[in-house]
Structure formats: C-alpha cells, structure tokens
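Peer 1: One file: query-v3.cif (mmCIF, C-alpha atoms and all ligand atoms).
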data_work
loop_
_atom_site.label_atom_id
_atom_site.label_comp_id
_atom_site.auth_asym_id
_atom_site.auth_seq_id
_atom_site.Cartn_x
_atom_site.Cartn_y
_atom_site.Cartn_z
CA MET A 1365 16.10 -19.73 -20.82
CA VAL A 1366 14.91 -21.21 -24.05
CA MET A 1367 18.47 -21.52 -25.17
CA LEU A 1368 19.38 -23.27 -21.94
CA VAL A 1369 16.58 -25.83 -22.30
CA TRP A 1370 17.57 -26.33 -25.88
CA GLY A 1371 21.20 -26.77 -24.92
CA LEU A 1372 20.34 -29.39 -22.33
CA LEU A 1373 18.27 -31.26 -24.88
CA VAL A 1374 21.11 -31.30 -27.33
CA LEU A 1375 23.38 -32.52 -24.60
CA SER A 1376 21.11 -35.30 -23.46
CA VAL A 1377 20.48 -36.43 -27.00
CA ALA A 1378 24.21 -36.38 -27.58
CA ALA A 1379 24.82 -38.50 -24.53
CA ALA A 1380 22.06 -40.98 -25.31
CA SER A 1381 22.78 -41.45 -28.95
CA PRO A 1382 24.85 -44.44 -30.11
CA PRO A 1383 27.46 -43.89 -32.78
CA ARG A 1384 25.66 -43.21 -35.99
CA TYR A 1385 26.24 -44.00 -39.57
CA ALA A 1386 25.94 -40.53 -41.00
CA ARG A 1387 29.65 -40.46 -41.53
CA GLN A 1388 29.53 -43.79 -43.24
CA ALA A 1389 26.77 -42.57 -45.51
CA GLU A 1390 28.92 -39.66 -46.47
CA LEU A 1391 31.85 -41.95 -47.09
CA ASP A 1392 29.68 -44.15 -49.26
CA ASN A 1393 28.57 -41.12 -51.12
CA TYR A 1394 32.13 -40.24 -51.96
CA ASP A 1395 32.92 -43.84 -52.66
CA SER A 1396 30.17 -44.11 -55.20
CA ASN A 1397 31.99 -41.62 -57.36
CA ASN A 1398 34.24 -44.34 -58.56
CA TYR A 1399 36.40 -41.95 -60.54
CA ASP A 1400 37.21 -40.13 -57.34
CA VAL A 1401 39.89 -41.70 -55.19
CA ASP A 1402 39.66 -39.22 -52.37
CA LEU A 1403 39.09 -42.01 -49.91
CA ASP A 1404 42.21 -43.91 -50.74
CA LEU A 1405 43.51 -44.50 -47.24
CA SER A 1406 47.11 -44.92 -48.23
CA VAL A 1407 49.65 -42.84 -46.39
CA ASP A 1408 49.97 -40.46 -49.29
CA ASN A 1409 46.37 -39.53 -49.10
CA GLN A 1410 46.11 -39.27 -45.36
CA ASP A 1411 45.45 -35.56 -45.48
CA VAL A 1412 42.63 -35.99 -47.91
CA TYR A 1413 41.24 -38.74 -45.76
CA ASP A 1414 41.42 -36.51 -42.72
CA TYR A 1415 39.62 -33.79 -44.58
CA TYR A 1416 36.69 -35.95 -45.48
CA ASN A 1417 36.51 -37.35 -42.00
CA GLU A 1418 36.84 -34.02 -40.31
CA VAL A 1419 38.15 -35.80 -37.27
CA ASP A 1420 38.27 -32.75 -35.11
CA GLU A 1421 34.67 -31.71 -35.35
CA PRO A 1422 31.53 -33.01 -33.76
CA GLN A 1423 29.24 -34.49 -36.36
CA ILE A 1424 25.52 -34.42 -36.60
CA ASP A 1425 23.09 -36.72 -38.21
CA THR A 1426 19.67 -36.18 -39.62
CA LEU A 1427 17.64 -38.42 -37.43
CA ASN A 1428 14.36 -38.12 -39.20
CA PRO A 1429 14.82 -37.25 -42.83
CA ASP A 1430 11.25 -38.08 -43.80
CA GLU A 1431 10.16 -34.90 -41.97
CA ASP A 1432 6.60 -34.59 -40.92
CA SER A 1433 5.54 -32.66 -43.98
CA ASP A 1434 4.89 -29.61 -41.94
CA PRO A 1435 5.68 -26.66 -44.18
CA SER A 1436 6.38 -24.48 -41.18
CA HIS A 1437 9.67 -26.32 -40.83
CA SER A 1438 11.25 -24.28 -43.56
CA ALA A 1439 13.48 -21.32 -42.89
CA TYR A 1440 12.81 -18.19 -40.93
CA ILE A 1441 10.31 -19.34 -38.44
CA GLU A 1442 10.11 -17.00 -35.55
CA GLU A 1443 9.28 -19.91 -33.34
CA GLU A 1444 6.81 -20.46 -30.59
CA GLU A 1445 8.43 -22.01 -27.57
CA GLU A 1446 6.92 -25.52 -27.76
CA GLU A 1447 8.37 -25.90 -31.19
CA VAL A 1448 11.71 -24.74 -29.88
CA VAL A 1449 11.75 -27.41 -27.24
CA GLN A 1450 10.64 -30.26 -29.47
CA LYS A 1451 12.51 -29.72 -32.62
CA PRO A 1452 16.00 -30.83 -31.69
CA GLU A 1453 14.73 -34.06 -30.24
CA GLN A 1454 12.52 -34.85 -33.20
CA ARG A 1455 14.88 -34.02 -35.91
CA TRP A 1456 18.47 -34.12 -34.82
CA THR A 1457 20.95 -35.95 -32.82
CA VAL A 1458 24.58 -35.22 -32.27
CA GLU A 1459 26.88 -38.00 -33.18
CA ASP A 1460 28.98 -39.30 -30.34
CA ARG A 1461 32.14 -40.83 -31.68
CA GLU A 1462 35.05 -42.33 -29.83
CA ASP A 1463 37.46 -39.97 -31.44
CA THR A 1464 35.33 -36.89 -31.08
CA GLU A 1465 35.18 -34.87 -27.95
CA VAL A 1466 31.68 -33.55 -27.74
CA PRO A 1467 32.00 -30.52 -25.54
CA ILE A 1468 30.53 -31.07 -22.13
CA THR A 1469 28.94 -27.67 -22.11
CA PRO A 1470 27.79 -26.81 -25.60
CA LEU A 1471 28.36 -23.12 -25.88
CA LEU A 1472 25.32 -21.79 -27.59
CA ILE A 1473 26.13 -18.85 -29.72
CA GLN A 1474 24.40 -15.73 -28.67
CA SER A 1475 25.27 -13.06 -31.08
CA GLY A 1476 25.69 -9.77 -29.39
CA SER A 1477 26.54 -11.28 -26.03
CA GLY A 1478 29.29 -9.37 -24.38
CA GLU A 1479 28.41 -6.26 -26.22
CA SER A 1480 26.28 -3.87 -24.33
CA GLY A 1481 23.10 -2.76 -25.95
CA THR A 1482 23.35 -4.81 -29.12
CA LEU A 1483 21.26 -7.75 -28.08
CA MET A 1484 18.24 -6.53 -29.92
CA GLY A 1485 20.12 -5.50 -33.04
CA PRO A 1486 19.14 -7.13 -36.31
CA ASN A 1487 22.18 -9.39 -36.34
CA ALA A 1488 21.67 -10.57 -32.81
CA GLN A 1489 18.09 -11.37 -33.51
CA GLY A 1490 18.94 -13.19 -36.71
CA GLY A 1491 21.69 -15.22 -35.10
CA MET A 1492 19.41 -16.23 -32.26
CA SER A 1493 16.62 -17.45 -34.48
CA THR A 1494 19.10 -19.35 -36.64
CA CYS A 1495 20.24 -21.28 -33.58
CA VAL A 1496 16.64 -22.28 -33.01
CA LEU A 1497 16.28 -23.61 -36.52
CA CYS A 1498 19.79 -25.00 -36.85
CA ILE A 1499 22.20 -26.58 -34.39
CA CYS A 1500 24.84 -24.26 -32.99
CA LEU A 1501 27.73 -25.95 -31.21
CA VAL A 1502 30.68 -23.88 -30.17
CA GLY A 1503 31.35 -21.97 -33.40
CA SER A 1504 29.73 -24.46 -35.73
CA VAL A 1505 26.28 -23.88 -37.19
CA TYR A 1506 24.68 -26.98 -38.68
CA CYS A 1507 21.72 -26.37 -40.97
CA ASP A 1508 21.77 -29.54 -43.07
CA ASP A 1509 18.63 -30.87 -44.72
CA LEU A 1510 16.21 -28.18 -43.59
CA ARG A 1511 14.81 -27.16 -46.99
CA LEU A 1512 16.34 -23.73 -46.61
CA ASP A 1513 15.97 -21.57 -49.68
CA ARG A 1514 18.53 -19.02 -48.55
CA VAL A 1515 21.41 -18.69 -46.14
CA PRO A 1516 20.02 -17.90 -42.68
CA PRO A 1517 21.45 -14.95 -40.75
CA LEU A 1518 24.54 -16.27 -39.01
CA PRO A 1519 25.80 -15.41 -35.52
CA LYS A 1520 28.90 -13.25 -35.61
CA GLU A 1521 30.96 -15.90 -33.85
CA THR A 1522 30.35 -18.58 -36.47
CA THR A 1523 33.50 -20.44 -37.49
CA HIS A 1524 32.03 -23.37 -39.47
CA PHE A 1525 28.78 -23.19 -41.42
CA TYR A 1526 27.10 -26.27 -42.85
CA ALA A 1527 23.97 -26.02 -44.98
CA ARG A 1528 24.17 -29.21 -47.02
CA TYR A 1529 21.16 -30.73 -48.77
CA ASN A 1530 18.98 -27.65 -48.89
CA LYS A 1531 17.41 -25.63 -51.70
CA ILE A 1532 19.52 -22.52 -51.60
CA ALA A 1533 19.58 -20.97 -55.08
CA LYS A 1534 21.55 -17.78 -54.65
CA ILE A 1535 24.36 -16.52 -52.42
CA SER A 1536 24.42 -12.77 -51.81
CA LYS A 1537 27.14 -10.62 -50.39
CA SER A 1538 24.89 -9.78 -47.46
CA ASP A 1539 24.69 -13.47 -46.48
CA PHE A 1540 28.26 -13.48 -45.18
CA THR A 1541 29.05 -9.99 -43.95
CA ASN A 1542 30.88 -9.33 -40.67
CA LEU A 1543 31.75 -12.97 -40.11
CA ASN A 1544 35.39 -12.44 -39.29
CA LYS A 1545 35.86 -15.86 -37.73
CA LEU A 1546 34.22 -17.90 -40.45
CA LYS A 1547 36.66 -20.57 -41.62
CA LYS A 1548 34.51 -23.07 -43.45
CA ILE A 1549 31.41 -22.91 -45.61
CA ASP A 1550 29.85 -26.15 -46.82
CA LEU A 1551 26.94 -25.76 -49.23
CA THR A 1552 27.07 -29.21 -50.80
CA SER A 1553 24.01 -30.25 -52.75
CA ASN A 1554 21.88 -27.16 -53.02
CA ALA A 1555 20.51 -25.46 -56.13
CA ILE A 1556 22.98 -22.58 -56.26
CA SER A 1557 23.21 -21.00 -59.68
CA LYS A 1558 24.34 -17.52 -58.73
CA ILE A 1559 26.94 -16.31 -56.24
CA ASP A 1560 27.71 -12.61 -55.90
CA ASP A 1561 31.34 -12.27 -56.89
CA ASP A 1562 32.25 -10.58 -53.61
CA ALA A 1563 30.16 -12.87 -51.40
CA PHE A 1564 33.20 -14.66 -49.91
CA PHE A 1565 36.12 -12.44 -50.73
CA GLY A 1566 35.93 -10.24 -47.64
CA LEU A 1567 36.01 -13.12 -45.16
CA PRO A 1568 39.47 -12.86 -43.58
CA ALA A 1569 39.59 -16.31 -41.96
CA LEU A 1570 37.92 -18.34 -44.68
CA ASP A 1571 39.94 -21.39 -45.69
CA GLU A 1572 37.51 -24.07 -46.90
CA VAL A 1573 34.68 -23.59 -49.34
CA ILE A 1574 32.67 -26.59 -50.48
CA LEU A 1575 30.18 -25.96 -53.24
CA ARG A 1576 29.81 -29.50 -54.61
CA GLU A 1577 26.68 -30.52 -56.46
CA ASN A 1578 25.17 -27.20 -57.41
CA ASN A 1579 24.57 -25.37 -60.72
CA ILE A 1580 27.36 -22.83 -60.47
CA ARG A 1581 28.65 -21.33 -63.72
CA GLN A 1582 30.81 -18.62 -62.22
CA LEU A 1583 33.18 -19.30 -59.34
CA PRO A 1584 33.28 -16.20 -57.13
CA ALA A 1585 36.48 -14.51 -56.01
CA LEU A 1586 37.94 -16.25 -52.97
CA PRO A 1587 40.28 -14.80 -50.34
CA PRO A 1588 44.02 -15.58 -50.21
CA SER A 1589 43.55 -17.63 -47.02
CA MET A 1590 42.04 -20.61 -48.86
CA THR A 1591 43.35 -24.12 -48.27
CA LEU A 1592 40.55 -26.13 -49.85
CA ILE A 1593 38.20 -25.33 -52.70
CA ASP A 1594 35.69 -27.93 -53.81
CA ALA A 1595 33.42 -27.00 -56.70
CA CYS A 1596 32.91 -30.48 -58.17
CA HIS A 1597 29.72 -31.35 -60.02
CA ASN A 1598 28.82 -27.88 -61.24
CA GLN A 1599 28.64 -26.15 -64.61
CA LEU A 1600 31.91 -24.30 -64.52
CA SER A 1601 33.64 -23.56 -67.79
CA SER A 1602 37.03 -21.92 -68.01
CA THR A 1603 35.37 -18.57 -68.54
CA GLY A 1604 33.56 -19.12 -65.25
CA ILE A 1605 36.85 -19.04 -63.35
CA HIS A 1606 38.66 -15.74 -62.84
CA ARG A 1607 41.93 -15.30 -64.62
CA GLU A 1608 44.75 -16.33 -62.26
CA ALA A 1609 42.10 -17.12 -59.69
CA PHE A 1610 44.32 -19.33 -57.53
CA LYS A 1611 47.65 -17.60 -58.02
CA ASP A 1612 47.61 -15.59 -54.81
CA MET A 1613 46.57 -18.36 -52.45
CA PRO A 1614 49.89 -19.34 -50.88
CA GLY A 1615 48.32 -21.99 -48.63
CA LEU A 1616 46.03 -23.68 -51.13
CA LEU A 1617 46.31 -27.47 -50.79
CA TYR A 1618 43.25 -28.97 -52.43
CA LEU A 1619 41.54 -27.82 -55.60
CA TYR A 1620 38.67 -30.08 -56.59
CA LEU A 1621 36.92 -29.24 -59.85
CA THR A 1622 35.76 -32.67 -61.00
CA ASP A 1623 32.71 -32.94 -63.28
CA ASN A 1624 32.54 -29.52 -64.83
CA ASN A 1625 33.17 -28.21 -68.32
CA ILE A 1626 36.61 -26.71 -67.82
CA ASP A 1627 38.76 -26.69 -70.95
CA HIS A 1628 42.06 -25.57 -69.59
CA ILE A 1629 43.93 -25.88 -66.36
CA PRO A 1630 43.52 -22.77 -64.22
CA VAL A 1631 47.13 -21.57 -64.17
CA PRO A 1632 49.19 -20.46 -62.43
CA LEU A 1633 48.75 -22.99 -59.67
CA PRO A 1634 50.20 -22.07 -56.29
CA HIS A 1635 53.30 -24.05 -55.29
CA SER A 1636 51.55 -25.23 -52.14
CA LEU A 1637 48.98 -27.24 -54.08
CA ARG A 1638 48.89 -30.97 -53.30
CA SER A 1639 45.79 -32.16 -55.14
CA LEU A 1640 44.29 -31.03 -58.39
CA HIS A 1641 41.20 -32.94 -59.42
CA LEU A 1642 39.89 -32.23 -62.89
CA GLN A 1643 38.31 -35.53 -63.82
CA ASN A 1644 35.50 -35.44 -66.38
CA ASN A 1645 36.14 -32.01 -67.82
CA ASN A 1646 37.12 -30.87 -71.28
CA VAL A 1647 40.88 -30.30 -70.97
CA GLN A 1648 42.44 -31.00 -74.38
CA MET A 1649 46.01 -29.87 -74.17
CA MET A 1650 48.88 -29.65 -71.70
CA HIS A 1651 51.57 -27.01 -71.99
CA ASP A 1652 55.16 -26.96 -70.82
CA ASP A 1653 54.37 -24.25 -68.32
CA THR A 1654 51.13 -25.72 -66.97
CA PHE A 1655 52.94 -27.22 -64.00
CA CYS A 1656 56.62 -26.68 -64.65
CA ASN A 1657 58.89 -23.82 -65.57
CA PRO A 1658 60.35 -24.24 -69.06
CA HIS A 1659 62.93 -21.54 -68.25
CA ASP A 1660 64.15 -23.25 -65.10
CA LEU A 1661 64.66 -26.96 -65.55
CA ASN A 1662 65.74 -27.27 -61.92
CA TYR A 1663 62.33 -26.19 -60.73
CA ILE A 1664 60.53 -29.02 -58.93
CA ARG A 1665 56.94 -28.86 -57.86
CA ASN A 1666 57.24 -31.21 -54.91
CA ALA A 1667 53.86 -30.72 -53.33
CA LEU A 1668 51.68 -31.57 -56.30
CA GLU A 1669 51.46 -35.33 -56.01
CA ASP A 1670 47.84 -35.90 -56.93
CA VAL A 1671 46.75 -34.70 -60.36
CA ARG A 1672 43.66 -36.26 -61.89
CA LEU A 1673 42.94 -35.68 -65.55
CA ASP A 1674 41.08 -38.87 -66.40
CA GLY A 1675 37.88 -38.28 -68.28
CA ASN A 1676 39.37 -35.45 -70.36
CA PRO A 1677 40.06 -35.53 -74.11
CA VAL A 1678 43.80 -35.09 -73.58
CA ASN A 1679 46.58 -37.48 -74.57
CA LEU A 1680 49.19 -37.08 -71.86
CA SER A 1681 51.77 -39.05 -73.90
CA ARG A 1682 52.11 -36.12 -76.24
CA THR A 1683 53.56 -33.78 -73.65
CA PRO A 1684 55.95 -35.72 -71.41
CA GLN A 1685 58.00 -32.57 -70.83
CA ALA A 1686 54.99 -30.95 -69.16
CA PHE A 1687 55.39 -33.30 -66.20
CA ILE A 1688 59.13 -33.37 -65.61
CA CYS A 1689 58.93 -31.25 -62.47
CA LEU A 1690 56.17 -33.32 -60.85
CA PRO A 1691 56.75 -36.10 -58.34
CA ARG A 1692 54.22 -38.23 -60.26
CA ILE A 1693 52.69 -38.36 -63.71
CA PRO A 1694 49.07 -37.23 -63.64
CA VAL A 1695 46.37 -39.86 -63.81
CA GLY A 1696 44.84 -39.69 -67.26
CA ASN A 1697 44.86 -40.95 -70.79
CA LEU A 1698 48.38 -42.00 -71.77
CA ILE A 1699 47.68 -43.78 -75.03
C1 LIG A 1701 48.80 -40.15 -77.98
O1 LIG A 1701 50.09 -39.57 -78.20
C2 LIG A 1701 51.09 -40.52 -78.55
C3 LIG A 1701 52.43 -39.78 -78.61
O2 LIG A 1701 52.34 -38.65 -79.44
C4 LIG A 1701 50.72 -41.17 -79.89
O3 LIG A 1701 51.70 -42.16 -80.23
C5 LIG A 1701 49.35 -41.83 -79.75
O4 LIG A 1701 48.95 -42.35 -81.02
C6 LIG A 1701 48.32 -40.82 -79.28
N1 LIG A 1701 47.07 -41.50 -79.03
C7 LIG A 1701 45.92 -41.07 -79.53
C8 LIG A 1701 44.73 -41.88 -79.19
O5 LIG A 1701 45.83 -40.07 -80.20
#
For this file, produce the structure as structure tokens.
Peer 2:
Amino acid sequence: MVMLVWGLLVLSVAAASPPRYARQAELDNYDSNNYDVDLDLSVDNQDVYDYYNEVDEPQIDTLNPDEDSDPSHSAYIEEEEEEVVQKPEQRWTVEDREDTEVPITPLLIQSGSGESGTLMGPNAQGGMSTCVLCICLVGSVYCDDLRLDRVPPLPKETTHFYARYNKIAKISKSDFTNLNKLKKIDLTSNAISKIDDDAFFGLPALDEVILRENNIRQLPALPPSMTLIDACHNQLSSTGIHREAFKDMPGLLYLYLTDNNIDHIPVPLPHSLRSLHLQNNNVQMMHDDTFCNPHDLNYIRNALEDVRLDGNPVNLSRTPQAFICLPRIPVGNLI
C-alpha cells in the first residue's frame, strides 16, 4: 500500500514536472573540464555523446538540494509512513523529456516478490527500505545526493544503480552480492578511498562502472563484461591498477582515467577499445608495443580512434612508430 501511494506520487510528479535542467547541469559539469572533449558532438564521438546523455533512461533531478537540514534524512531510516508519503514530493522529481519514455506504470521493485516465503528475508527488507529512501524505477535505483555514507542494500532486480554526490567512503564485497542483473554502477563524486578488490568482480552483467571524483588508489578487479570504465579524478598510480587489468575485456569500449597519477599505459589494451583518456597523468614514454604489434606490421588497431595523452610529460614526436597502427595520432605533446 505504501509502495502504491509512493508510486502514484512519483507518477504524478513525473507528469506535472516540466523538462528540467539537471541534464544540462551535468553537461556543463563535463564541459567545464576543458581538457575533456567528451562532449564533442561530431559524428565520430556520437557514442560518447550518447553515453553521457544516456538517452534511453529516465532521468531524475534533485528538486531541493538545500535539504531541510533534518539529519534523519540520511541513510537507513526505517521510515514512518508520513515521511514515506512526503519525501518524494519534497525532494525529487522525475524528469520528463521528449525523447524519454517514462513508463506509465513505474514498476516498483519489491525484492522477494514472486518468491514464496522470502518477503521478510533480510534482502527483501533491505531492498524495500532502499526504495523508500531512493527512487526505484523499473530496474533503476536512484540515490543521488542523499548524504549516504554507505551503499544501501539493493533490491535483487536492480539493473542500474546511481549514488552520485554522496559521502560513501568504502565499498565492500557485501554491498553488491547477488545482484545478477546489475549492469551499471555510478558512484561519481563520493569520498571512496577503499574498494574491496572483489566487490565488483562477481557481477555477471556489469558493464559500466563510474567512479569519477573519489579518492581511489587501487582500482578493483572488474569482470570481463565491461564496456565502460570511468575512474577519472582519483589517486590511481600504475601500481594501483592490476597487471593486465583490461586484457580480458573483449567488449571494452571506453577507458577513462583522466586526472590520476598513472605513469604508464595499462597494456595490453583490448582490441575493442575506442577511447583511452589519460589526460593529466604522469606518462613519460611510449613503446612500440603500447598500441601496435612490432612483430606484425600489418596489424591495425582500427577501433582506437580517441587517445588523449595531453597533460603528460611525454614527447610523442620521439616515438612515431608507436602510432603506425592507429587510425589517428594521439592528442598530446608533439614538440
Ligand atoms: C621531442 O622530440 C623531438 C624528436 O625527437 C625533438 O626534436 C624535440 O626536441 C623534443 N622536444 C622536447 C621538448 O624535448
């Protein structure tokens, strides 16, 4: 019943709300990193553009970011019902965009539904209370800007998890267990300094992990299903990345490691890779086998059309043979 009332509220807010500028704010945010050309709308970068616009997902907006300085708004409130009814209206709205189909009947996730006798299990309970605190729409769980200090228990059906702009400091293996449908984790702008190395590895459907703007020194192991890894603006050094970390990711397209302290390129790179962003790191030297195969001069790495090495102490003019297999010379210091 509570969930139904809540669902109706979300729906009515969604219907009433004009298009919002949350997306624009996010675009501006990316734009302000003027060394980062991810928003170049040219045909070549259409995929990147699509990624940042996430055209196929409903978006939400923080309606009232100033909060009401009520400390009870932080995580893990086992809510009273009045709070349940008011919160979505006070704090959230669902963006209604022309190109986004907001589902007519938001399917609230009820972990344990369809399974007899598990409704009161610990996971079911956790998933339910998370959908009171956060917004759950179809498989997406939106927990942005809620001052969370840890990952809330997620419903088993979660496919996309967003917890941007919180205060999460640590990711444990137990945060993401039994989430076999989870495809995307976005933890942009938290305070993460520690991630258990096996926290993500066992997630069979995971393909996008966004860890921008944290304090990560050690990138955890990631499953072979990855297509996008974004760990920009962290404290990664080369020793903080597993040896051959990306080798066995045959579908990896985007590897964003801008603004870290990486001093060599994390080889071998999978052939699928389209974008490698390493701006503002400490790469000093290129090698003949960084991208190409010195033993096979016919080898061409067609996919890798977007390599960014600007802001590194490397003189690309010294190693022209390191780029012969690429469709384009990397962006970087050529003098
Ligand atoms: C960069 O390398 C080229 C080719 O070896 C060289 O002529 C040039 O002086 C180098 N530039 C700097 C700043 O070291």
Peer 1: Determine the nearest neighbour of His1651 (chain A) from the options A:Thr1622, A:Gln1599, A:Gln1685, A:Thr1494, counting all atoms listed in the file.
Peer 2: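 For His1651 (chain A), the nearest of the given residues is A:Gln1685.
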Peer 1: Taking the point (30.7, -29.1, -57.6) as given in the file, collect each protein or nucleic acid residue that comes within 10 Å of it, counting all atoms listed in the file, and present the set as an MDAnalysis selection string.
Peer 2: chainID A and resid 1551:1553 1574:1580 1593:1600 1620:1624
Peer 1: To one decimal place in Å, what is the distance between CA of Pro1517 (chain A) and CA of Asp1561 (chain A)?
Peer 2: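 Pair CA of Pro1517 (chain A) / CA of Asp1561 (chain A) returns 19.1 Å.
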Peer 1: Report, in Å to a single decimal, how far apart CA of Leu1690 (chain A) and CA of Asp1627 (chain A) are.
Peer 2: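 Separation of CA of Asp1627 (chain A) and CA of Leu1690 (chain A): 21.2 Å.
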Peer 1: Quick one: distance from CA of Lys1611 (chain A) to CA of Glu1572 (chain A) in Å, one decimal?
Peer 2: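 Pair CA of Lys1611 (chain A) / CA of Glu1572 (chain A) returns 16.4 Å.
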Peer 1: Counting all atoms listed in the file, figure out which residue out of A:Leu1640, A:Met1649, A:Ala1569, A:Leu1673 gets nearest to ligand LIG 1701 (chain A).
Peer 2: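 For ligand LIG 1701 (chain A), the nearest of the given residues is A:Met1649.
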Peer 1: If you count all atoms listed in the file, which residues end up within 8 Å of ligand LIG 1701 (chain A), as a PyMOL selection string?
Peer 2: chain A and resi 1679-1683+1698-1699
Peer 1: Name the residues in contact with Lys1545 (chain A) at a cut-off of 7 Å, using only C-alpha atoms, excluding same-chain residues fewer than 4 positions from it; report them as a VMD selection string.
Peer 2: chain A and resid 1521 to 1523 1569
Peer 1: Kindly save the residues from that selection, with C-alpha atoms included, as an mmCIF file, in the frame of the given file.
Peer 2:
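Output below, filename result03.cif:
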data_model
loop_
_atom_site.group_PDB
_atom_site.id
_atom_site.type_symbol
_atom_site.label_atom_id
_atom_site.label_comp_id
_atom_site.auth_asym_id
_atom_site.auth_seq_id
_atom_site.Cartn_x
_atom_site.Cartn_y
_atom_site.Cartn_z
ATOM 1 C CA GLU A 1521 30.960 -15.900 -33.850
ATOM 2 C CA THR A 1522 30.350 -18.580 -36.470
ATOM 3 C CA THR A 1523 33.500 -20.440 -37.490
ATOM 4 C CA ALA A 1569 39.590 -16.310 -41.960
#
Peer 1: Could you check the closest approach to Leu1583 (chain A) for each of A:Asp1653, A:Asp1509, A:Asp1670, A:Asp1560 and tell me which residue wins, using all atoms listed in the file?
Peer 2: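 Comparing A:Asp1653, A:Asp1509, A:Asp1670, A:Asp1560 against Leu1583 (chain A), the winner is A:Asp1560.
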Peer 1: Find the residue from A:Thr1541, A:Asn1676, A:Gln1643, A:Thr1603 that sits nearest to Lys1520 (chain A); use only C-alpha atoms when measuring.
Peer 2: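 So, comparing all the options, the nearest one is A:Thr1541.
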Peer 1: Do you know which residues lie at most 9 Å from (60.6, -28.7, -60.9), with coordinates as in the file and only C-alpha atoms counted, and could you write them as a ChimeraX atom specification?
Peer 2: /A:1655-1657,1660-1666,1687-1691
Peer 1: Those residues you just picked out, can you put them in a file as a PDB file, keeping the file's coordinate frame with C-alpha atoms?
Peer 2:
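Okay, this is what ended up in out.pdb:
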ATOM      1  CA  PHE A1655      52.940 -27.220 -64.000  1.00  0.00           C
ATOM      2  CA  CYS A1656      56.620 -26.680 -64.650  1.00  0.00           C
ATOM      3  CA  ASN A1657      58.890 -23.820 -65.570  1.00  0.00           C
ATOM      4  CA  ASP A1660      64.150 -23.250 -65.100  1.00  0.00           C
ATOM      5  CA  LEU A1661      64.660 -26.960 -65.550  1.00  0.00           C
ATOM      6  CA  ASN A1662      65.740 -27.270 -61.920  1.00  0.00           C
ATOM      7  CA  TYR A1663      62.330 -26.190 -60.730  1.00  0.00           C
ATOM      8  CA  ILE A1664      60.530 -29.020 -58.930  1.00  0.00           C
ATOM      9  CA  ARG A1665      56.940 -28.860 -57.860  1.00  0.00           C
ATOM     10  CA  ASN A1666      57.240 -31.210 -54.910  1.00  0.00           C
ATOM     11  CA  PHE A1687      55.390 -33.300 -66.200  1.00  0.00           C
ATOM     12  CA  ILE A1688      59.130 -33.370 -65.610  1.00  0.00           C
ATOM     13  CA  CYS A1689      58.930 -31.250 -62.470  1.00  0.00           C
ATOM     14  CA  LEU A1690      56.170 -33.320 -60.850  1.00  0.00           C
ATOM     15  CA  PRO A1691      56.750 -36.100 -58.340  1.00  0.00           C
TER      16      PRO A1691
END
Peer 1: Neighbouring residues of His1628 (chain A) were defined as those with any atom within 9 Å, considering only C-alpha atoms; residues of the same chain fewer than 4 positions away were excluded. Please report them as a list in words.
Peer 2: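 Neighbouring residues, sequence-local ones excluded: Ser1601, Ser1602, Asn1645, Asn1646, Val1647, Gln1648, Met1649 and Met1650 of chain A.
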Peer 1: Let me see the file: selected residues, C-alpha atoms, as a PDB file, in the coordinates of the input.
Peer 2:
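This is the output file selection_12.pdb:
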ATOM      1  CA  SER A1601      33.640 -23.560 -67.790  1.00  0.00           C
ATOM      2  CA  SER A1602      37.030 -21.920 -68.010  1.00  0.00           C
ATOM      3  CA  ASN A1645      36.140 -32.010 -67.820  1.00  0.00           C
ATOM      4  CA  ASN A1646      37.120 -30.870 -71.280  1.00  0.00           C
ATOM      5  CA  VAL A1647      40.880 -30.300 -70.970  1.00  0.00           C
ATOM      6  CA  GLN A1648      42.440 -31.000 -74.380  1.00  0.00           C
ATOM      7  CA  MET A1649      46.010 -29.870 -74.170  1.00  0.00           C
ATOM      8  CA  MET A1650      48.880 -29.650 -71.700  1.00  0.00           C
TER       9      MET A1650
END
Peer 1: Leaving out Ser1636 (chain A) and any residue of its chain fewer than 2 positions from it, which residues lie within 6 Å of it when counting all atoms listed in the file, given as a PDB file with C-alpha atoms, in the coordinates of the input?
Peer 2:
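Heads up, here's the output in result00.pdb:
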ATOM      1  CA  GLY A1615      48.320 -21.990 -48.630  1.00  0.00           C
ATOM      2  CA  LEU A1616      46.030 -23.680 -51.130  1.00  0.00           C
ATOM      3  CA  LEU A1617      46.310 -27.470 -50.790  1.00  0.00           C
ATOM      4  CA  PRO A1634      50.200 -22.070 -56.290  1.00  0.00           C
TER       5      PRO A1634
END
Peer 1: For Cys1498 (chain A), list every protein, DNA or RNA residue within 9 Å, evaluated using only C-alpha atoms, and leave out those in the same chain fewer than 4 positions away; present the list as JSON, numbers by chain.
Peer 2: {"A": [1452, 1493, 1494, 1505, 1506, 1507, 1508, 1510]}
Peer 1: Output as JSON the centre and edge lengths (Å, one decimal) of the box along x, y and z of the file that holds every listed atom of region 1658-1675 of chain A after adding 5 Å on each side.
Peer 2:
{"center_x": 51.8, "center_y": -30.2, "center_z": -61.2, "size_x": 37.9, "size_y": 27.3, "size_z": 25.7}
Peer 1: Per residue of region 1526-1553 of chain A within 9 Å of region 1564-1567 of chain A, record the nearest atom pair and its distance in Å to one decimal, counting all atoms listed in the file, with rows in chain order and ascending residue number, as JSON lines.
Peer 2:
{"residue": "A:Lys1537", "atom": "CA", "partner": "A:Phe1564", "partner_atom": "CA", "distance": 7.3}
{"residue": "A:Phe1540", "atom": "CA", "partner": "A:Phe1564", "partner_atom": "CA", "distance": 6.9}
{"residue": "A:Thr1541", "atom": "CA", "partner": "A:Leu1567", "partner_atom": "CA", "distance": 7.7}
{"residue": "A:Asn1542", "atom": "CA", "partner": "A:Leu1567", "partner_atom": "CA", "distance": 7.8}
{"residue": "A:Leu1543", "atom": "CA", "partner": "A:Leu1567", "partner_atom": "CA", "distance": 6.6}
{"residue": "A:Asn1544", "atom": "CA", "partner": "A:Leu1567", "partner_atom": "CA", "distance": 5.9}
{"residue": "A:Lys1545", "atom": "CA", "partner": "A:Leu1567", "partner_atom": "CA", "distance": 7.9}
{"residue": "A:Leu1546", "atom": "CA", "partner": "A:Leu1567", "partner_atom": "CA", "distance": 6.9}
{"residue": "A:Lys1547", "atom": "CA", "partner": "A:Leu1567", "partner_atom": "CA", "distance": 8.3}
Peer 1: Mind dumping the selected residues with C-alpha atoms as a PDB file, in the frame of the given file?
Peer 2:
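Listed below is the output, part_17.pdb:
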ATOM      1  CA  LYS A1537      27.140 -10.620 -50.390  1.00  0.00           C
ATOM      2  CA  PHE A1540      28.260 -13.480 -45.180  1.00  0.00           C
ATOM      3  CA  THR A1541      29.050  -9.990 -43.950  1.00  0.00           C
ATOM      4  CA  ASN A1542      30.880  -9.330 -40.670  1.00  0.00           C
ATOM      5  CA  LEU A1543      31.750 -12.970 -40.110  1.00  0.00           C
ATOM      6  CA  ASN A1544      35.390 -12.440 -39.290  1.00  0.00           C
ATOM      7  CA  LYS A1545      35.860 -15.860 -37.730  1.00  0.00           C
ATOM      8  CA  LEU A1546      34.220 -17.900 -40.450  1.00  0.00           C
ATOM      9  CA  LYS A1547      36.660 -20.570 -41.620  1.00  0.00           C
TER      10      LYS A1547
END
